[in-house]
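Q: Here you go, one structure.
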Amino acid sequence: MSKNKRIVSGIQPTGNLHLGNYLGAIRNWVVMQNEMKEGDDCVFFLADLHAITMPQAPDALAENVRNMAATLLASGIDPKQAIFFAQSDVAAHSEMAWLLNCVARIGWLNRMTQFKEKSGKNREGASVGLYTYPVLQAADVMLYQATHVPVGEDQKQHLELARDIATKFNNDYDEKIFNLPEPIIQKTAARVMSLRNGSSKMSKSDPSDLSRINLTDSNDDIAQKIRKAKTDPDPIPENESGLTDRPEAKNLLGIYSALKGVAINNVLQQFAGQGFGQFKPELAELVVSSVGPIRDKLSTFKDDPAEIDRILLAGAEKAAVIAEETLKKAYQVMGLRRRA
Ligand code: TYM
């Protein structure tokens, strides 16, 4: 008999959900949730403790948590099927992160590319939390004994670290306490790029709003952002080799392929020889028809913040039961007194 799946993933509640998050991760969460078999579980959360590794205005953070919750519910996360909560409502995440901080090695964290990118030239001024952030992420998945973690390509290195930490913990304490989580990365939209620069990923933190399509954008905004998206003057090629060194062209065609659910080669055959002036309106129509219904549902959730708080707290209670069980075992094997 095959083992039950425990699917675990998180998203930072900073800014709006954009098309990169949606295609790279969230759409996959919803598919996995809807295809769960009996005995499987989905655990999805808003990584608010991760968000504070960078400066956050307290009021804005509290509002962003509710907004992101509303967006995920509008995208199809169903709290009756999935355990859905905010990370800071389950104290076990912080506790487990400390235990794992004492297992993870500095050399491992020094290799994390996201820390290098996010701290930039101001490494000495970055928070210690930003540095140990991947350890908190390891705690997030290890607490639930995750088997599968659906994420975009940019999180792969963090997941590999989680596997290293789990392996070292199991070896150090001679117990198979933790499962080794497998990352699940969608090939078609593993890395959706900025609409202004095909060599940097679409991101909430990009200062230009024209660089991303938010799930809250109006149809007009979407059409305008796609019209203004950077491209090149060459026509659309017949096959993928014709996209080499054309990151912006590749990105727009990749978004079309992911949203339509057809292979990139089929998209290329359909549009071969056309310029981007012809292709962009088709893409805009497809994005509007995918994002529009989510945005429209979102407003009903946003109108009822008390209901969102109720959903998140109910999810946190369920999550805490699973998380506490693992946390207790970890304390115990480490020889610590709490909950002995
Ligand atoms: P975050 O909030 O940056 O992004 C959420 C999810 O969206 C994916 N993603 C993308 N995929 C494709 N193209 C893009 N341009 C793009 N931008 C973002 C991310 O890979 C991610 O899957 N550290 C995580 C949150 C986290 C987490 C976890 C994830 C905290 N704990 C435990 C998995 C398991 C983050 O900052 O994701």
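The chains in the structure tokens are called A, B, ... from first to last as shown; in each chain the residues are counted from 1, and the ligands are counted from 1 in the order shown.
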For ligand 1, collect every residue having any atom at a distance of at most 9 Å from a ligand atom (counting only C-alpha atoms and all ligand atoms); output as a PyMOL selection string.

A: chain A and resi 8-14+17-26+44-51+87+133-134+136-141+149-156+158-159+183+185-186+189-194+200-204+212

Q: With only C-alpha atoms counted and 12 Å as the cut-off, give the residues of segment 261-297 of chain A in contact with segment 302-323 of chain A, each with its shortest interatomic distance in Å and the pair that gives it, as CSV.

A:
```
residue,atom,partner,partner_atom,distance
A:Arg295,CA,A:Lys302,CA,10.5
A:Asp296,CA,A:Lys302,CA,10.5
A:Lys297,CA,A:Lys302,CA,9.0
```

Q: Using the selection just defined, write its residues with N, CA and C atoms as a compact mmCIF listing (two decimals), in the first residue's frame.

A:
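The result, written out as selection_25.txt:
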```
# COMPACT_ATOMS: atom_id res chain seq x y z
N ARG A 295 -10.49 37.34 -8.89
CA ARG A 295 -10.60 38.70 -8.36
C ARG A 295 -12.04 39.01 -7.93
N ASP A 296 -13.00 38.55 -8.74
CA ASP A 296 -14.39 38.86 -8.41
C ASP A 296 -14.84 38.14 -7.14
N LYS A 297 -14.37 36.89 -6.97
CA LYS A 297 -14.72 36.15 -5.74
C LYS A 297 -14.07 36.80 -4.52
```

Q: Could you pull the residues within 9 Å of segment 258-268 of chain A, counting only C-alpha atoms, minus those fewer than 6 positions along the same chain, as a ChimeraX atom specification?

A: /A:23,188-189,236-240,286-287,290

Q: If you keep N, CA and C atoms, can you produce a file of those selected residues as a PDB file, in the first residue's frame?

A:
```pdb
ATOM      1  N   LEU A  23       0.782  30.678 -10.594  1.00  0.00           N
ATOM      2  CA  LEU A  23       1.139  29.599 -11.523  1.00  0.00           C
ATOM      3  C   LEU A  23       2.228  28.693 -10.950  1.00  0.00           C
ATOM      4  N   THR A 188       5.966  23.729 -15.956  1.00  0.00           N
ATOM      5  CA  THR A 188       5.545  24.768 -16.903  1.00  0.00           C
ATOM      6  C   THR A 188       5.708  26.195 -16.363  1.00  0.00           C
ATOM      7  N   ALA A 189       5.539  26.395 -15.067  1.00  0.00           N
ATOM      8  CA  ALA A 189       5.619  27.771 -14.559  1.00  0.00           C
ATOM      9  C   ALA A 189       6.496  27.825 -13.317  1.00  0.00           C
ATOM     10  N   ILE A 236       7.564  35.334 -33.475  1.00  0.00           N
ATOM     11  CA  ILE A 236       7.516  34.141 -32.623  1.00  0.00           C
ATOM     12  C   ILE A 236       8.075  32.950 -33.425  1.00  0.00           C
ATOM     13  N   PRO A 237       9.041  32.226 -32.830  1.00  0.00           N
ATOM     14  CA  PRO A 237       9.678  31.135 -33.587  1.00  0.00           C
ATOM     15  C   PRO A 237       8.817  29.873 -33.628  1.00  0.00           C
ATOM     16  N   GLU A 238       9.271  28.907 -34.420  1.00  0.00           N
ATOM     17  CA  GLU A 238       8.501  27.655 -34.565  1.00  0.00           C
ATOM     18  C   GLU A 238       8.794  26.658 -33.462  1.00  0.00           C
ATOM     19  N   ASN A 239       9.988  26.763 -32.879  1.00  0.00           N
ATOM     20  CA  ASN A 239      10.301  25.817 -31.806  1.00  0.00           C
ATOM     21  C   ASN A 239      11.122  26.484 -30.702  1.00  0.00           C
ATOM     22  N   GLU A 240      11.300  25.734 -29.618  1.00  0.00           N
ATOM     23  CA  GLU A 240      11.894  26.318 -28.407  1.00  0.00           C
ATOM     24  C   GLU A 240      13.313  26.838 -28.606  1.00  0.00           C
ATOM     25  N   LEU A 286      -6.511  35.774 -22.325  1.00  0.00           N
ATOM     26  CA  LEU A 286      -6.380  34.540 -21.548  1.00  0.00           C
ATOM     27  C   LEU A 286      -6.129  34.844 -20.064  1.00  0.00           C
ATOM     28  N   VAL A 287      -5.268  35.823 -19.787  1.00  0.00           N
ATOM     29  CA  VAL A 287      -4.977  36.167 -18.383  1.00  0.00           C
ATOM     30  C   VAL A 287      -6.243  36.720 -17.724  1.00  0.00           C
ATOM     31  N   SER A 290      -8.597  34.077 -16.756  1.00  0.00           N
ATOM     32  CA  SER A 290      -8.154  33.228 -15.636  1.00  0.00           C
ATOM     33  C   SER A 290      -8.177  33.985 -14.317  1.00  0.00           C
TER      34      SER A 290
END
```

Q: Work out how far atom CA of Tyr331 of chain A is from atom CA of Leu99 of chain A, in Å to one decimal.

A: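 Value for the atom CA of Leu99 of chain A-atom CA of Tyr331 of chain A distance: 8.1 Å.
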
Q: For a test of reading the model, state the distance in Å between atom CA of Gln270 of chain A and atom CA of Ser289 of chain A, rounded to one decimal.

A: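 Distance reported for this atom pair: 19.4 Å.
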
Q: Write out as a ChimeraX atom specification all residues of segment 198-314 of chain A that DSSP puts in alpha helix (DSSP H) for this structure's backbone.

A: /A:219-228,247-260,264-271,276-302,305-314

Q: Which segment 161-239 of chain A residues have any atom within 12 Å of an atom of segment 64-86 of chain A, and for each, what is the nearest pair of atoms with distance in Å to one decimal, counting only C-alpha atoms, rows sorted by chain and number, as a tab-separated table?

A:
```
residue	atom	partner	partner_atom	distance
A:Asn214	CA	A:Thr71	CA	10.4
A:Leu215	CA	A:Thr71	CA	7.8
A:Thr216	CA	A:Thr71	CA	8.4
```

Q: Nearest residue to Thr132 of chain A out of A:Asn101, A:Thr300, A:Asn16, A:Gln114, using only C-alpha atoms?

A: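 The closest residue to Thr132 of chain A is A:Asn101.
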
Q: To one decimal place, how far is atom CA of Ala284 of chain A from atom CA of Lys228 of chain A in Å?

A: 11.2 Å

Q: Pull the strand (DSSP E or B) assignments for segment 22-268 of chain A out of DSSP run on the backbone, and list those residues as a list in words.

A: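 Restricting segment 22-268 of chain A to strand (DSSP E or B) produces Asp41, Cys42, Val43, Phe44, Phe45, Leu46, Ile83, Phe84, Phe85, Ala86, His148, Val149, Pro150, Glu182, Pro183, Ile184, Met193, Lys201 and Asn214 of chain A.
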
Q: Output all heavy atoms for every residue in that selection, as a compact mmCIF listing (two decimals), in the first residue's frame.

A:
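Dumped everything to out_25.txt:
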```
# COMPACT_ATOMS: atom_id res chain seq x y z
N ASP A 41 -3.51 14.59 3.65
CA ASP A 41 -3.84 15.90 4.22
C ASP A 41 -3.14 16.99 3.45
O ASP A 41 -2.04 16.77 2.94
CB ASP A 41 -3.27 16.06 5.65
CG ASP A 41 -3.88 15.15 6.64
OD1 ASP A 41 -5.09 15.25 6.84
OD2 ASP A 41 -3.13 14.34 7.22
N CYS A 42 -3.76 18.16 3.44
CA CYS A 42 -3.10 19.35 2.90
C CYS A 42 -3.00 20.37 4.02
O CYS A 42 -3.99 20.60 4.73
CB CYS A 42 -3.94 19.97 1.78
SG CYS A 42 -3.73 19.14 0.21
N VAL A 43 -1.83 20.95 4.18
CA VAL A 43 -1.60 21.96 5.22
C VAL A 43 -1.04 23.20 4.52
O VAL A 43 0.07 23.16 3.98
CB VAL A 43 -0.56 21.42 6.26
CG1 VAL A 43 -0.25 22.48 7.31
CG2 VAL A 43 -1.05 20.13 6.91
N PHE A 44 -1.83 24.28 4.48
CA PHE A 44 -1.40 25.50 3.79
C PHE A 44 -1.45 26.67 4.77
O PHE A 44 -2.44 26.82 5.51
CB PHE A 44 -2.31 25.80 2.60
CG PHE A 44 -2.30 24.72 1.54
CD1 PHE A 44 -3.49 24.22 1.02
CD2 PHE A 44 -1.10 24.20 1.06
CE1 PHE A 44 -3.49 23.22 0.04
CE2 PHE A 44 -1.09 23.20 0.08
CZ PHE A 44 -2.29 22.71 -0.42
N PHE A 45 -0.40 27.51 4.74
CA PHE A 45 -0.40 28.58 5.75
C PHE A 45 0.21 29.87 5.21
O PHE A 45 0.92 29.89 4.19
CB PHE A 45 0.37 28.12 7.00
CG PHE A 45 1.80 27.78 6.71
CD1 PHE A 45 2.77 28.74 6.82
CD2 PHE A 45 2.15 26.52 6.30
CE1 PHE A 45 4.08 28.45 6.52
CE2 PHE A 45 3.47 26.20 6.00
CZ PHE A 45 4.43 27.18 6.11
N LEU A 46 -0.12 30.95 5.92
CA LEU A 46 0.41 32.27 5.60
C LEU A 46 1.65 32.46 6.46
O LEU A 46 1.55 32.44 7.70
CB LEU A 46 -0.64 33.33 5.94
CG LEU A 46 -1.98 33.04 5.26
CD1 LEU A 46 -3.10 33.83 5.90
CD2 LEU A 46 -1.87 33.35 3.78
N ILE A 83 -6.11 22.14 5.80
CA ILE A 83 -5.88 22.85 7.06
C ILE A 83 -5.21 24.17 6.67
O ILE A 83 -4.13 24.17 6.08
CB ILE A 83 -4.97 22.02 7.98
CG1 ILE A 83 -5.62 20.67 8.28
CG2 ILE A 83 -4.64 22.79 9.26
CD1 ILE A 83 -4.78 19.73 9.14
N PHE A 84 -5.89 25.27 6.95
CA PHE A 84 -5.47 26.58 6.43
C PHE A 84 -5.38 27.57 7.58
O PHE A 84 -6.36 27.78 8.29
CB PHE A 84 -6.51 27.01 5.38
CG PHE A 84 -6.26 28.36 4.77
CD1 PHE A 84 -5.04 28.65 4.19
CD2 PHE A 84 -7.25 29.33 4.76
CE1 PHE A 84 -4.81 29.89 3.62
CE2 PHE A 84 -7.03 30.57 4.18
CZ PHE A 84 -5.81 30.85 3.62
N PHE A 85 -4.20 28.17 7.78
CA PHE A 85 -4.02 28.99 8.98
C PHE A 85 -2.88 29.99 8.80
O PHE A 85 -2.17 29.97 7.79
CB PHE A 85 -3.72 28.08 10.19
CG PHE A 85 -2.44 27.29 10.05
CD1 PHE A 85 -1.28 27.70 10.70
CD2 PHE A 85 -2.39 26.15 9.26
CE1 PHE A 85 -0.09 26.97 10.55
CE2 PHE A 85 -1.20 25.44 9.10
CZ PHE A 85 -0.06 25.85 9.76
N ALA A 86 -2.70 30.84 9.82
CA ALA A 86 -1.56 31.77 9.84
C ALA A 86 -0.49 31.18 10.77
O ALA A 86 -0.79 30.77 11.90
CB ALA A 86 -2.00 33.14 10.33
N HIS A 148 5.19 15.97 0.67
CA HIS A 148 5.30 16.73 -0.58
C HIS A 148 5.13 18.23 -0.30
O HIS A 148 4.23 18.61 0.44
CB HIS A 148 4.22 16.29 -1.58
CG HIS A 148 4.35 14.87 -1.96
ND1 HIS A 148 3.84 13.84 -1.21
CD2 HIS A 148 4.97 14.29 -3.02
CE1 HIS A 148 4.13 12.70 -1.79
NE2 HIS A 148 4.81 12.93 -2.89
N VAL A 149 6.00 19.04 -0.94
CA VAL A 149 5.93 20.48 -0.72
C VAL A 149 5.87 21.19 -2.09
O VAL A 149 6.88 21.33 -2.77
CB VAL A 149 7.16 20.97 0.09
CG1 VAL A 149 7.04 22.46 0.39
CG2 VAL A 149 7.30 20.18 1.39
N PRO A 150 4.67 21.60 -2.52
CA PRO A 150 4.55 22.29 -3.81
C PRO A 150 5.05 23.73 -3.72
O PRO A 150 4.50 24.53 -2.96
CB PRO A 150 3.04 22.24 -4.12
CG PRO A 150 2.37 22.01 -2.79
CD PRO A 150 3.36 21.36 -1.87
N GLU A 182 9.65 15.98 -0.09
CA GLU A 182 9.97 16.10 -1.53
C GLU A 182 9.42 17.40 -2.07
O GLU A 182 8.21 17.64 -1.96
CB GLU A 182 9.22 15.02 -2.33
CG GLU A 182 9.72 13.62 -2.24
CD GLU A 182 11.05 13.43 -2.93
OE1 GLU A 182 11.40 14.25 -3.80
OE2 GLU A 182 11.74 12.48 -2.56
N PRO A 183 10.24 18.23 -2.71
CA PRO A 183 9.65 19.41 -3.36
C PRO A 183 8.88 19.01 -4.61
O PRO A 183 9.30 18.09 -5.32
CB PRO A 183 10.86 20.27 -3.74
CG PRO A 183 12.03 19.35 -3.71
CD PRO A 183 11.70 18.17 -2.84
N ILE A 184 7.74 19.65 -4.85
CA ILE A 184 6.99 19.41 -6.10
C ILE A 184 7.02 20.72 -6.87
O ILE A 184 6.42 21.72 -6.44
CB ILE A 184 5.51 19.04 -5.80
CG1 ILE A 184 5.42 17.84 -4.87
CG2 ILE A 184 4.72 18.81 -7.08
CD1 ILE A 184 5.72 16.52 -5.51
N MET A 193 8.73 35.16 -14.89
CA MET A 193 9.66 36.28 -14.80
C MET A 193 8.93 37.62 -14.80
O MET A 193 7.74 37.69 -15.16
CB MET A 193 10.68 36.22 -15.96
CG MET A 193 11.38 34.88 -16.10
SD MET A 193 12.09 34.24 -14.57
CE MET A 193 13.62 35.12 -14.49
N LYS A 201 12.92 37.34 -11.48
CA LYS A 201 11.61 36.68 -11.32
C LYS A 201 10.51 37.69 -10.99
O LYS A 201 10.79 38.74 -10.42
CB LYS A 201 11.69 35.57 -10.26
CG LYS A 201 11.86 36.07 -8.86
CD LYS A 201 11.69 34.95 -7.83
CE LYS A 201 11.81 35.57 -6.45
NZ LYS A 201 11.69 34.70 -5.32
N ASN A 214 -1.01 41.25 -10.63
CA ASN A 214 -1.58 40.88 -9.32
C ASN A 214 -2.94 40.24 -9.54
O ASN A 214 -3.65 40.62 -10.48
CB ASN A 214 -1.75 42.13 -8.46
CG ASN A 214 -0.46 42.89 -8.29
OD1 ASN A 214 0.53 42.34 -7.80
ND2 ASN A 214 -0.44 44.15 -8.71
```
